[in-house]
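As stored in upload.cif (mmCIF, C-alpha atoms):
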data_target
loop_
_atom_site.label_atom_id
_atom_site.label_comp_id
_atom_site.auth_asym_id
_atom_site.auth_seq_id
_atom_site.Cartn_x
_atom_site.Cartn_y
_atom_site.Cartn_z
CA MET T 1 0.00 0.00 0.00
CA ASN T 2 1.39 3.31 -1.02
CA VAL T 3 0.75 6.16 1.39
CA GLN T 4 3.70 8.31 0.48
CA ARG T 5 3.67 11.47 -1.52
CA LEU T 6 5.16 10.92 -4.98
CA SER T 7 8.59 12.33 -5.53
CA LEU T 8 8.71 15.44 -7.64
CA TRP T 9 10.13 13.48 -10.55
CA GLN T 10 7.37 10.86 -10.30
CA ALA T 11 4.71 13.56 -10.26
CA PHE T 12 6.32 15.16 -13.30
CA VAL T 13 6.29 11.86 -15.20
CA PHE T 14 2.75 11.11 -14.06
CA LEU T 15 1.37 14.38 -15.40
CA LEU T 16 3.39 14.06 -18.60
CA ARG T 17 1.94 10.60 -19.18
CA ARG T 18 -1.56 11.81 -18.39
CA ASP T 19 -1.30 14.56 -21.00
CA LEU T 20 0.11 12.16 -23.60
CA LEU T 21 -2.76 9.76 -22.84
CA LEU T 22 -5.27 12.59 -23.23
CA ALA T 23 -3.66 13.55 -26.54
CA LEU T 24 -3.88 9.96 -27.70
CA ARG T 25 -7.59 9.91 -26.87
CA ASN T 26 -8.11 13.24 -28.69
CA ARG T 27 -6.01 12.33 -31.72
CA ALA T 28 -8.04 14.31 -34.21
CA GLU T 29 -7.56 17.59 -32.34
CA TYR T 30 -3.80 17.16 -32.11
CA ALA T 31 -3.35 16.03 -35.71
CA MET T 32 -4.72 19.38 -36.88
CA PRO T 33 -1.56 21.52 -36.39
CA LEU T 34 0.59 18.94 -38.16
CA LEU T 35 -1.85 18.74 -41.04
CA PHE T 36 -1.91 22.53 -41.20
CA PHE T 37 1.91 22.61 -41.31
CA VAL T 38 2.03 20.15 -44.21
CA VAL T 39 -0.80 21.78 -46.16
CA VAL T 40 0.55 25.34 -45.87
CA ILE T 41 3.99 24.27 -47.07
CA THR T 42 2.49 22.27 -49.91
CA LEU T 43 0.58 25.32 -51.11
CA PHE T 44 3.72 27.37 -51.77
CA PRO T 45 5.06 25.37 -54.75
CA LEU T 46 1.57 25.44 -56.21
CA ALA T 47 1.25 29.19 -55.82
CA LEU T 48 4.76 30.13 -56.95
CA GLY T 49 4.76 28.06 -60.13
CA ALA T 50 7.70 26.33 -61.75
CA LEU T 51 10.55 28.29 -60.18
CA PRO T 52 12.67 25.70 -58.35
CA GLU T 53 15.50 28.17 -57.58
CA LEU T 54 13.13 30.67 -55.96
CA LEU T 55 11.47 27.92 -53.95
CA ALA T 56 14.77 26.51 -52.74
CA ARG T 57 15.83 30.03 -51.81
CA ILE T 58 12.81 30.82 -49.64
CA ALA T 59 12.29 27.28 -48.29
CA PRO T 60 13.76 27.99 -44.79
CA GLY T 61 11.43 30.94 -44.33
CA ILE T 62 8.41 28.98 -45.53
CA VAL T 63 9.03 26.06 -43.23
CA TRP T 64 9.65 28.26 -40.22
CA VAL T 65 6.66 30.54 -40.75
CA ALA T 66 4.49 27.46 -41.16
CA ALA T 67 5.96 25.99 -37.97
CA LEU T 68 5.19 29.21 -36.07
CA LEU T 69 1.59 29.28 -37.26
CA ALA T 70 1.14 25.58 -36.53
CA ALA T 71 2.43 26.16 -33.00
CA MET T 72 0.00 29.08 -32.54
CA LEU T 73 -2.83 26.82 -33.62
CA SER T 74 -2.07 24.22 -30.98
CA LEU T 75 -1.12 26.47 -28.05
CA GLU T 76 -4.56 26.83 -26.50
CA SER T 77 -4.77 23.09 -25.97
CA ILE T 78 -2.06 23.25 -23.29
CA PHE T 79 -4.43 24.62 -20.65
CA ARG T 80 -7.86 25.16 -22.24
CA SER T 81 -9.55 21.87 -21.37
CA ASP T 82 -7.97 21.77 -17.91
CA PHE T 83 -9.27 25.28 -17.26
CA ASP T 84 -12.76 24.44 -18.48
CA ASP T 85 -13.27 21.26 -16.47
CA GLY T 86 -11.62 22.44 -13.25
CA SER T 87 -8.56 20.17 -13.48
CA LEU T 88 -6.39 23.27 -13.55
CA GLU T 89 -7.60 24.24 -10.07
CA GLN T 90 -6.58 20.82 -8.86
CA ILE T 91 -3.14 21.23 -10.41
CA LEU T 92 -2.73 24.65 -8.77
CA LEU T 93 -3.76 23.13 -5.44
CA SER T 94 -1.30 20.28 -5.78
CA ALA T 95 1.23 19.61 -3.06
CA HIS T 96 3.96 19.77 -5.73
CA PRO T 97 5.47 22.99 -7.07
CA VAL T 98 3.20 24.22 -9.85
CA ALA T 99 6.12 25.28 -12.05
CA VAL T 100 7.32 21.69 -12.31
CA LEU T 101 3.85 20.44 -13.18
CA VAL T 102 3.56 23.20 -15.78
CA LEU T 103 6.84 22.08 -17.29
CA ALA T 104 5.45 18.54 -17.55
CA LYS T 105 2.43 19.83 -19.44
CA VAL T 106 4.58 21.89 -21.78
CA CYS T 107 6.85 18.89 -22.44
CA ALA T 108 3.79 16.82 -23.31
CA HIS T 109 2.60 19.57 -25.61
CA TRP T 110 5.96 19.66 -27.39
CA LEU T 111 6.06 15.87 -27.78
CA VAL T 112 2.61 15.96 -29.36
CA THR T 113 2.91 19.06 -31.54
CA GLY T 114 6.61 19.91 -31.98
CA LEU T 115 8.18 16.52 -32.45
CA PRO T 116 5.89 15.51 -35.36
CA LEU T 117 7.05 18.62 -37.25
CA LEU T 118 10.59 17.35 -36.90
CA LEU T 119 9.55 14.02 -38.37
CA VAL T 120 7.82 15.38 -41.46
CA ALA T 121 10.28 18.23 -42.08
CA PRO T 122 12.85 16.18 -44.11
CA LEU T 123 10.12 15.20 -46.54
CA LEU T 124 8.91 18.78 -46.92
CA ALA T 125 12.46 20.10 -47.30
CA GLU T 126 13.02 17.64 -50.12
CA MET T 127 9.75 18.71 -51.71
CA LEU T 128 10.77 22.39 -51.63
CA GLY T 129 14.12 21.47 -53.18
CA MET T 130 16.11 22.70 -50.19
CA PRO T 131 19.86 22.14 -50.74
CA SER T 132 20.94 18.93 -49.05
CA ALA T 133 23.64 20.83 -47.12
CA ALA T 134 20.91 22.86 -45.40
CA GLN T 135 18.60 19.99 -44.48
CA PRO T 136 20.37 18.78 -41.31
CA MET T 137 20.43 22.40 -40.15
CA LEU T 138 16.67 22.66 -40.72
CA LEU T 139 16.13 19.67 -38.44
CA LEU T 140 18.50 21.06 -35.82
CA THR T 141 16.74 24.44 -35.74
CA ILE T 142 13.35 22.73 -35.47
CA LEU T 143 14.66 20.55 -32.65
CA LEU T 144 15.96 23.59 -30.75
CA GLY T 145 13.28 26.06 -31.79
CA THR T 146 9.95 24.31 -31.34
CA PRO T 147 10.41 23.72 -27.57
CA ILE T 148 10.97 27.48 -27.25
CA LEU T 149 7.68 28.06 -29.07
CA SER T 150 5.85 25.78 -26.64
CA LEU T 151 7.51 27.30 -23.58
CA ILE T 152 6.88 30.94 -24.55
CA GLY T 153 3.41 30.09 -25.80
CA ALA T 154 2.52 28.53 -22.45
CA ILE T 155 2.97 31.91 -20.73
CA GLY T 156 0.65 33.53 -23.25
CA VAL T 157 -1.99 30.83 -22.88
CA ALA T 158 -1.78 30.98 -19.11
CA LEU T 159 -2.43 34.73 -19.26
CA THR T 160 -5.37 34.50 -21.65
CA VAL T 161 -7.04 31.22 -20.73
CA GLY T 162 -9.49 32.97 -18.42
CA LEU T 163 -10.67 35.37 -21.12
CA ARG T 164 -13.68 34.56 -23.21
CA LYS T 165 -12.08 35.53 -26.52
CA GLY T 166 -8.44 35.01 -25.67
CA GLY T 167 -7.38 33.66 -29.05
CA ILE T 168 -6.68 36.96 -30.78
CA ILE T 169 -4.89 38.51 -27.82
CA LEU T 170 -2.86 35.33 -27.56
CA SER T 171 -1.49 35.68 -31.09
CA LEU T 172 -0.75 39.39 -30.58
CA LEU T 173 1.00 38.55 -27.34
CA VAL T 174 3.02 35.58 -28.45
CA LEU T 175 3.91 36.08 -32.11
CA PRO T 176 6.25 39.05 -31.49
CA LEU T 177 8.11 36.94 -28.95
CA TYR T 178 8.54 34.24 -31.58
CA VAL T 179 10.31 36.62 -33.96
CA PRO T 180 13.87 36.13 -32.60
CA VAL T 181 13.53 32.36 -32.95
CA LEU T 182 12.31 32.81 -36.51
CA ILE T 183 15.18 35.13 -37.42
CA PHE T 184 17.98 33.03 -36.01
CA ALA T 185 16.58 29.71 -37.20
CA ALA T 186 16.05 30.90 -40.77
CA SER T 187 19.44 32.58 -40.84
CA ALA T 188 21.17 29.41 -39.58
CA ILE T 189 19.62 27.38 -42.38
CA GLU T 190 20.58 29.99 -44.94
CA ASN T 191 24.18 30.07 -43.77
CA ALA T 192 24.36 26.29 -43.83
CA ALA T 193 23.07 26.27 -47.40
CA MET T 194 25.86 28.62 -48.41
CA GLY T 195 28.48 26.68 -46.45
CA LEU T 196 29.02 29.45 -43.88
CA ASP T 197 29.55 29.21 -40.15
CA VAL T 198 26.36 28.69 -38.12
CA THR T 199 27.70 28.62 -34.56
CA PRO T 200 26.46 32.12 -33.59
CA GLN T 201 22.89 31.31 -34.61
CA ILE T 202 22.93 27.92 -32.91
CA TYR T 203 24.34 29.44 -29.74
CA MET T 204 21.62 32.05 -29.77
CA LEU T 205 18.93 29.40 -30.19
CA LEU T 206 20.47 27.37 -27.37
CA ALA T 207 20.55 30.47 -25.18
CA PHE T 208 16.86 31.16 -25.91
CA LEU T 209 16.05 27.52 -25.17
CA PHE T 210 17.76 27.44 -21.79
CA LEU T 211 16.43 30.84 -20.85
CA SER T 212 12.87 29.79 -21.63
CA ILE T 213 13.22 26.42 -19.89
CA SER T 214 14.39 28.11 -16.73
CA LEU T 215 12.03 31.09 -16.71
CA SER T 216 8.86 30.12 -18.56
CA PRO T 217 7.53 27.53 -16.04
CA TRP T 218 7.65 30.08 -13.21
CA ALA T 219 6.04 32.81 -15.30
CA THR T 220 3.41 30.38 -16.54
CA ALA T 221 2.60 29.19 -13.01
CA ALA T 222 2.22 32.77 -11.81
CA ALA T 223 0.02 33.65 -14.79
CA LEU T 224 -2.16 30.59 -14.18
CA ARG T 225 -2.74 31.69 -10.59
CA MET T 226 -3.91 35.05 -11.89
CA SER T 227 -6.19 33.50 -14.49
CA ALA T 228 -7.68 31.05 -12.01
CA GLY T 229 -8.37 33.73 -9.39
CA MET H 1 -6.64 31.16 19.94
CA SER H 2 -6.86 27.63 21.27
CA ALA H 3 -4.23 25.01 20.61
CA ASN H 4 -6.56 23.15 18.28
CA THR H 5 -7.10 26.09 15.95
CA LEU H 6 -5.81 25.20 12.51
CA LEU H 7 -7.53 27.61 10.19
CA GLU H 8 -8.14 31.24 10.91
CA THR H 9 -8.80 34.34 8.88
CA ARG H 10 -8.00 37.86 9.90
CA ASN H 11 -9.93 40.86 8.65
CA LEU H 12 -10.77 39.10 5.39
CA THR H 13 -12.31 41.37 2.76
CA CYS H 14 -13.55 40.51 -0.69
CA ILE H 15 -14.49 43.05 -3.32
CA ARG H 16 -16.01 41.96 -6.58
CA ASN H 17 -17.13 44.21 -9.43
CA ASP H 18 -16.63 47.23 -7.16
CA ARG H 19 -19.01 45.73 -4.64
CA ARG H 20 -17.88 44.78 -1.19
CA LEU H 21 -19.09 41.22 -0.66
CA PHE H 22 -17.82 40.85 2.87
CA GLY H 23 -15.34 42.64 5.04
CA GLY H 24 -13.52 42.19 8.31
CA LEU H 25 -14.32 38.52 8.35
CA GLU H 26 -12.70 36.75 11.29
CA LEU H 27 -13.07 32.99 11.21
CA VAL H 28 -11.58 30.41 13.51
CA LEU H 29 -11.90 26.73 12.82
CA GLU H 30 -10.57 23.99 15.04
CA ALA H 31 -9.75 20.41 14.21
CA GLY H 32 -12.94 18.36 14.21
CA GLN H 33 -15.20 21.26 13.25
CA MET H 34 -17.34 21.90 10.24
CA LEU H 35 -18.31 25.31 8.95
CA VAL H 36 -21.33 25.69 6.72
CA VAL H 37 -21.33 28.96 4.81
CA GLU H 38 -24.81 30.16 3.95
CA GLY H 39 -26.35 33.12 2.19
CA PRO H 40 -28.17 34.14 -0.97
CA ASN H 41 -26.69 33.92 -4.49
CA GLY H 42 -23.87 36.34 -5.14
CA CYS H 43 -23.09 37.00 -1.48
CA GLY H 44 -19.54 35.73 -1.84
CA LYS H 45 -19.71 32.13 -0.67
CA THR H 46 -17.68 30.77 -3.58
CA SER H 47 -15.27 33.72 -3.36
CA LEU H 48 -14.71 33.01 0.33
CA LEU H 49 -13.99 29.35 -0.36
CA ARG H 50 -11.59 30.22 -3.17
CA ILE H 51 -9.81 32.68 -0.91
CA LEU H 52 -9.46 29.94 1.69
CA THR H 53 -7.83 27.70 -0.94
CA GLY H 54 -5.53 30.50 -2.09
CA LEU H 55 -6.89 30.29 -5.64
CA ARG H 56 -8.19 33.81 -5.20
CA LEU H 57 -6.39 36.54 -3.34
CA ALA H 58 -8.21 38.39 -0.61
CA ASP H 59 -8.50 42.11 -1.22
CA GLU H 60 -7.55 42.63 2.39
CA GLY H 61 -6.65 40.41 5.29
CA GLU H 62 -5.05 37.02 5.41
CA VAL H 63 -5.73 33.33 5.81
CA ARG H 64 -3.61 31.44 8.30
CA TRP H 65 -3.07 27.71 8.64
CA ARG H 66 -1.33 26.48 11.77
CA GLY H 67 -0.41 30.09 12.45
CA GLU H 68 1.32 30.75 9.12
CA THR H 69 -0.12 32.57 6.12
CA ILE H 70 -1.07 30.17 3.34
CA GLU H 71 0.98 32.10 0.75
CA LYS H 72 4.05 31.28 2.77
CA LEU H 73 3.09 27.64 3.28
CA ALA H 74 2.14 26.96 -0.37
CA GLY H 75 2.75 23.23 -0.97
CA ASP H 76 2.77 22.43 2.75
CA TYR H 77 -0.76 23.84 3.00
CA TYR H 78 -1.95 22.16 -0.19
CA GLU H 79 -0.93 18.71 0.96
CA GLU H 80 -3.35 19.11 3.87
CA ILE H 81 -6.39 20.37 2.00
CA ALA H 82 -8.70 19.04 -0.68
CA TYR H 83 -11.00 21.24 -2.74
CA VAL H 84 -14.04 20.30 -4.78
CA GLY H 85 -15.37 23.36 -6.56
CA HIS H 86 -18.18 24.14 -9.00
CA HIS H 87 -16.32 22.28 -11.70
CA ASP H 88 -15.77 18.63 -10.98
CA GLY H 89 -12.12 18.67 -11.97
CA VAL H 90 -12.72 15.31 -13.60
CA LYS H 91 -11.11 14.49 -16.96
CA ARG H 92 -13.84 13.14 -19.23
CA GLU H 93 -11.39 11.21 -21.41
CA LEU H 94 -9.95 9.29 -18.47
CA SER H 95 -11.56 6.41 -16.63
CA CYS H 96 -12.70 6.76 -13.01
CA LEU H 97 -9.64 4.90 -11.75
CA GLU H 98 -7.28 6.99 -13.87
CA ASN H 99 -8.89 10.16 -12.50
CA LEU H 100 -8.41 9.04 -8.92
CA ARG H 101 -4.83 7.97 -9.58
CA LEU H 102 -4.16 11.44 -10.89
CA ALA H 103 -5.66 13.02 -7.77
CA ARG H 104 -3.43 10.78 -5.65
CA ALA H 105 -0.36 11.75 -7.66
CA MET H 106 -1.09 15.44 -7.08
CA GLY H 107 -1.57 15.13 -3.31
CA ILE H 108 -0.87 12.59 -0.63
CA PRO H 109 -2.50 9.19 -1.18
CA SER H 110 -4.75 7.87 1.57
CA ALA H 111 -4.39 4.37 2.95
CA LEU H 112 -7.54 3.19 1.15
CA GLU H 113 -7.29 1.11 -2.01
CA LEU H 114 -8.86 2.86 -4.99
CA ASP H 115 -11.33 0.02 -5.51
CA ASP H 116 -12.57 0.56 -1.97
CA VAL H 117 -12.89 4.29 -2.61
CA LEU H 118 -15.04 3.65 -5.68
CA GLU H 119 -17.05 1.09 -3.71
CA GLN H 120 -17.78 3.69 -1.03
CA VAL H 121 -19.18 6.18 -3.53
CA ASN H 122 -21.07 3.45 -5.40
CA LEU H 123 -19.00 3.69 -8.56
CA TYR H 124 -17.22 0.35 -8.24
CA VAL H 125 -18.56 -1.09 -11.50
CA TYR H 126 -17.51 2.08 -13.38
CA GLY H 127 -13.82 1.83 -12.53
CA GLU H 128 -12.70 1.40 -16.14
CA THR H 129 -15.48 3.55 -17.63
CA GLU H 130 -14.58 6.90 -19.14
CA ALA H 131 -15.78 9.68 -16.84
CA GLY H 132 -17.32 11.45 -19.85
CA SER H 133 -19.96 8.76 -20.19
CA LEU H 134 -21.07 9.01 -16.56
CA SER H 135 -24.14 11.01 -15.54
CA ALA H 136 -23.68 14.41 -13.90
CA GLY H 137 -24.44 12.98 -10.47
CA GLN H 138 -22.02 10.10 -10.95
CA ARG H 139 -19.29 12.53 -12.02
CA ARG H 140 -19.98 14.58 -8.91
CA ARG H 141 -19.56 11.43 -6.83
CA LEU H 142 -16.27 10.77 -8.60
CA ALA H 143 -15.12 14.33 -7.81
CA LEU H 144 -16.03 13.83 -4.15
CA ALA H 145 -14.26 10.45 -4.18
CA ARG H 146 -11.02 12.44 -4.43
CA LEU H 147 -11.58 13.37 -0.78
CA LEU H 148 -11.26 9.72 0.15
CA ALA H 149 -8.46 8.89 -2.28
CA THR H 150 -6.18 11.51 -0.78
CA ARG H 151 -5.28 12.14 2.81
CA SER H 152 -6.18 15.67 3.77
CA ILE H 153 -7.38 17.34 6.94
CA LEU H 154 -9.33 20.26 5.56
CA TRP H 155 -11.99 19.67 2.93
CA ILE H 156 -13.22 22.78 1.14
CA LEU H 157 -16.42 21.97 -0.70
CA ASP H 158 -18.42 24.29 -2.92
CA GLU H 159 -21.97 22.98 -3.24
CA PRO H 160 -20.94 19.34 -2.92
CA PHE H 161 -24.50 18.09 -3.28
CA THR H 162 -25.15 19.53 -6.75
CA SER H 163 -26.83 16.89 -8.96
CA LEU H 164 -26.70 14.24 -6.25
CA ASP H 165 -29.74 12.11 -5.49
CA LYS H 166 -31.12 11.78 -1.97
CA ALA H 167 -29.38 8.49 -1.23
CA SER H 168 -26.00 9.88 -2.30
CA MET H 169 -26.56 13.04 -0.27
CA ALA H 170 -27.20 10.96 2.82
CA MET H 171 -24.15 8.82 2.07
CA PHE H 172 -21.84 11.83 1.72
CA THR H 173 -23.33 13.54 4.76
CA GLY H 174 -22.37 10.41 6.66
CA LEU H 175 -18.84 10.59 5.25
CA PHE H 176 -18.55 14.25 6.22
CA VAL H 177 -19.61 13.54 9.80
CA ALA H 178 -17.16 10.65 9.98
CA HIS H 179 -14.42 12.97 8.73
CA ILE H 180 -14.97 15.63 11.39
CA GLU H 181 -15.42 13.03 14.10
CA ALA H 182 -12.01 11.67 13.13
CA GLY H 183 -10.51 15.12 13.67
CA GLY H 184 -10.85 16.45 10.12
CA MET H 185 -12.28 19.81 9.14
CA ILE H 186 -14.78 20.86 6.50
CA VAL H 187 -15.74 24.25 5.11
CA MET H 188 -18.65 23.96 2.73
CA THR H 189 -21.45 25.88 1.10
CA SER H 190 -24.78 24.34 0.37
CA HIS H 191 -28.23 25.40 -0.70
CA HIS H 192 -29.57 22.05 0.36
CA ASP H 193 -30.70 21.80 3.94
CA ILE H 194 -28.09 19.64 5.50
CA PRO H 195 -29.94 17.11 7.62
CA LEU H 196 -27.43 17.50 10.39
CA ASP H 197 -27.55 18.78 13.86
CA HIS H 198 -24.17 18.10 15.24
CA GLU H 199 -22.56 20.07 18.02
CA ARG H 200 -19.43 20.47 15.90
CA ILE H 201 -21.20 22.12 13.01
CA ARG H 202 -21.13 25.89 12.90
CA ARG H 203 -22.92 28.11 10.48
CA LEU H 204 -21.86 31.40 8.95
CA ASP H 205 -24.46 33.55 7.23
CA LEU H 206 -22.60 35.73 4.74
CA GLY H 207 -25.78 37.48 3.66
CA ALA H 208 -26.23 38.89 7.16
CA LYS H 209 -22.62 40.05 7.36
CA ALA H 210 -22.64 42.26 4.30
#
Would you encode the structure as structure tokens?
Amino acid sequence: MNVQRLSLWQAFVFLLRRDLLLALRNRAEYAMPLLFFVVVITLFPLALGALPELLARIAPGIVWVAALLAAMLSLESIFRSDFDDGSLEQILLSAHPVAVLVLAKVCAHWLVTGLPLLLVAPLLAEMLGMPSAAQPMLLLTILLGTPILSLIGAIGVALTVGLRKGGIILSLLVLPLYVPVLIFAASAIENAAMGLDVTPQIYMLLAFLFLSISLSPWATAAALRMSAG
Amino acid sequence: MSANTLLETRNLTCIRNDRRLFGGLELVLEAGQMLVVEGPNGCGKTSLLRILTGLRLADEGEVRWRGETIEKLAGDYYEEIAYVGHHDGVKRELSCLENLRLARAMGIPSALELDDVLEQVNLYVYGETEAGSLSAGQRRRLALARLLATRSILWILDEPFTSLDKASMAMFTGLFVAHIEAGGMIVMTSHHDIPLDHERIRRLDLGAKA
């Protein structure tokens, strides 16, 4: 018989698994952002016509803008249903530090929405005719960049989840904060395509990543308390 | 303040939409006592309960648990309380057992087996059923089952009897009495007449205080 409080790590894993299980049971909802990502990118070659050089040139930008919009689309799902059914109150009243539980939810969100982008990106890069030298860099920037999108987005969702029409404010709030990620990621891919050094960009992305991992859970937890009150 | 006092509020004030719902509220609750908060709609019952949980900040005053403010205690306070609010806090996509396991993971598990908990609230046969397919009353019973699945002293209950039938109401009333007789504490609101006349039950009429 277990009458002990779970360790912090166990609670983290428990909540992460719960969110993954919920995502599995709501597959259709979570497939949407991925589908959106693929469809938007597929539309570009159709719209631009038979200009392979142009397409290859703007491919990094296309993929990253699509990734940003796909992330925006899925952000609300981090806290929306928990807020609506009262589970969020229970999380806030948990004996464990809320920031750690928030981080578990954001990790789950990234595994469900960010990781799939990474998996389909090679295919889309090939389709856009991206130079093969740039393709590993595309994957690296997605690997480093999408967790930042989830972490920053979580703060925005936490602030707006209590509002009736929070969606528009959310995009106004979060998209500007995504701009640095967009700039450095796209520029890293571009440099890689031209055979230039990419360390500065990668270091910047790493810096953003660690900064958001260490700060975003606390900010999100504080924002959730405000929204719940 | 007696040695048994666990929960107390000092000069608690709540303002909502520029209207003062209550002010200067001084509450003292000892182990083994139950407080029933009464009053008409909109008099601040839910706000008071949410202030007691720390979900809502008081506009003035403070809530103390074992002599410390709850902001300072944070997790140490939350491991001793359980809250069932207007929303059930039940995940519709998860089964009853999964929901209770989650509640246990977030707090401190009680010594009861989960099957026994479900048995007590008459949901035993629904253990593997998704909570979304339960009736409103059954979901309410599942929400209240969290009280038994975790080990907490203070239960804060906002209209616990909503959508419950008479038999369930009687069953939970029995559980509440057992909880305070075992030294637990309850703060609850209810529009239903609680068929209870126990020396340890105190009543607070918020409507009269305004």
Chain H residues near chain T (10 Å cut-off, only C-alpha atoms) as JSON, numbers by chain:
{"H": [47, 50, 51, 53, 54, 55, 56, 57, 58, 74, 75, 76, 77, 78, 79, 80, 81, 82, 83, 84, 85, 86, 87, 88, 89, 90, 91, 92, 93, 94, 98, 99, 101, 102, 103, 104, 105, 106, 107, 108, 109, 110, 111, 112, 113, 150, 151]}
Name all residues at most 12 Å from Phe37 of chain T (count all atoms listed in the file; drop same-chain ones fewer than 3 positions away) and give them as a ChimeraX atom specification.
/T:31-34,40-44,62-74,113-114,116-121,124
Generate the output file for the selected residues, C-alpha atoms, as a PDB file, in the frame of the given file.
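Once everything was written out, this is result.pdb:
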ATOM      1  CA  ALA T  31      -3.350  16.030 -35.710  1.00  0.00           C
ATOM      2  CA  MET T  32      -4.720  19.380 -36.880  1.00  0.00           C
ATOM      3  CA  PRO T  33      -1.560  21.520 -36.390  1.00  0.00           C
ATOM      4  CA  LEU T  34       0.590  18.940 -38.160  1.00  0.00           C
ATOM      5  CA  VAL T  40       0.550  25.340 -45.870  1.00  0.00           C
ATOM      6  CA  ILE T  41       3.990  24.270 -47.070  1.00  0.00           C
ATOM      7  CA  THR T  42       2.490  22.270 -49.910  1.00  0.00           C
ATOM      8  CA  LEU T  43       0.580  25.320 -51.110  1.00  0.00           C
ATOM      9  CA  PHE T  44       3.720  27.370 -51.770  1.00  0.00           C
ATOM     10  CA  ILE T  62       8.410  28.980 -45.530  1.00  0.00           C
ATOM     11  CA  VAL T  63       9.030  26.060 -43.230  1.00  0.00           C
ATOM     12  CA  TRP T  64       9.650  28.260 -40.220  1.00  0.00           C
ATOM     13  CA  VAL T  65       6.660  30.540 -40.750  1.00  0.00           C
ATOM     14  CA  ALA T  66       4.490  27.460 -41.160  1.00  0.00           C
ATOM     15  CA  ALA T  67       5.960  25.990 -37.970  1.00  0.00           C
ATOM     16  CA  LEU T  68       5.190  29.210 -36.070  1.00  0.00           C
ATOM     17  CA  LEU T  69       1.590  29.280 -37.260  1.00  0.00           C
ATOM     18  CA  ALA T  70       1.140  25.580 -36.530  1.00  0.00           C
ATOM     19  CA  ALA T  71       2.430  26.160 -33.000  1.00  0.00           C
ATOM     20  CA  MET T  72       0.000  29.080 -32.540  1.00  0.00           C
ATOM     21  CA  LEU T  73      -2.830  26.820 -33.620  1.00  0.00           C
ATOM     22  CA  SER T  74      -2.070  24.220 -30.980  1.00  0.00           C
ATOM     23  CA  THR T 113       2.910  19.060 -31.540  1.00  0.00           C
ATOM     24  CA  GLY T 114       6.610  19.910 -31.980  1.00  0.00           C
ATOM     25  CA  PRO T 116       5.890  15.510 -35.360  1.00  0.00           C
ATOM     26  CA  LEU T 117       7.050  18.620 -37.250  1.00  0.00           C
ATOM     27  CA  LEU T 118      10.590  17.350 -36.900  1.00  0.00           C
ATOM     28  CA  LEU T 119       9.550  14.020 -38.370  1.00  0.00           C
ATOM     29  CA  VAL T 120       7.820  15.380 -41.460  1.00  0.00           C
ATOM     30  CA  ALA T 121      10.280  18.230 -42.080  1.00  0.00           C
ATOM     31  CA  LEU T 124       8.910  18.780 -46.920  1.00  0.00           C
TER      32      LEU T 124
END
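Counting from atom CA of Lys165 of chain T, the distance to atom CA of Arg80 of chain T is 12.0 Å.
Put simply, the PyMOL selection byres ((chain T and resi 109) around 9) in this file takes in Leu16, Asp19, Leu20, Ala23, Ser74, Leu75, Ser77, Ile78, Ala104, Lys105, Val106, Cys107, Ala108, Trp110, Leu111, Val112, Thr113, Gly114 and Ser150 of chain T.
Going from atom CA of Leu215 of chain T to atom CA of Leu103 of chain T covers 10.4 Å.
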Polymer residues at most 8 Å from Val37 of chain H, only C-alpha atoms, same-chain spacing of 5 or more positions, as an NGL selection string
:H and (45 or 187-190 or 203-206)
Using the chain letters and numbers from this file, what does the PyMOL selection byres ((chain H and resi 167-184) around 6) select? Give the answer as a CSV table (one decimal) with C-alpha atoms, keeping the file's coordinate frame.
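This went into result_10.csv:
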chain,number,residue,atom,x,y,z
H,31,ALA,CA,-9.8,20.4,14.2
H,32,GLY,CA,-12.9,18.4,14.2
H,33,GLN,CA,-15.2,21.3,13.2
H,153,ILE,CA,-7.4,17.3,6.9
H,164,LEU,CA,-26.7,14.2,-6.2
H,165,ASP,CA,-29.7,12.1,-5.5
H,166,LYS,CA,-31.1,11.8,-2.0
H,185,MET,CA,-12.3,19.8,9.1
For the file shown, report as a PyMOL selection string the outcome of the PyMOL selection byres ((chain T and resi 176-187) around 9) at residue level.
chain T and resi 60-61+63-65+68+137-138+140-142+144-146+148-149+152-153+171-175+188-192+198+200-202+204-205+208
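Taking atom CA of Leu55 of chain T and atom CA of Tyr30 of chain T as endpoints, the distance between them is 28.7 Å.
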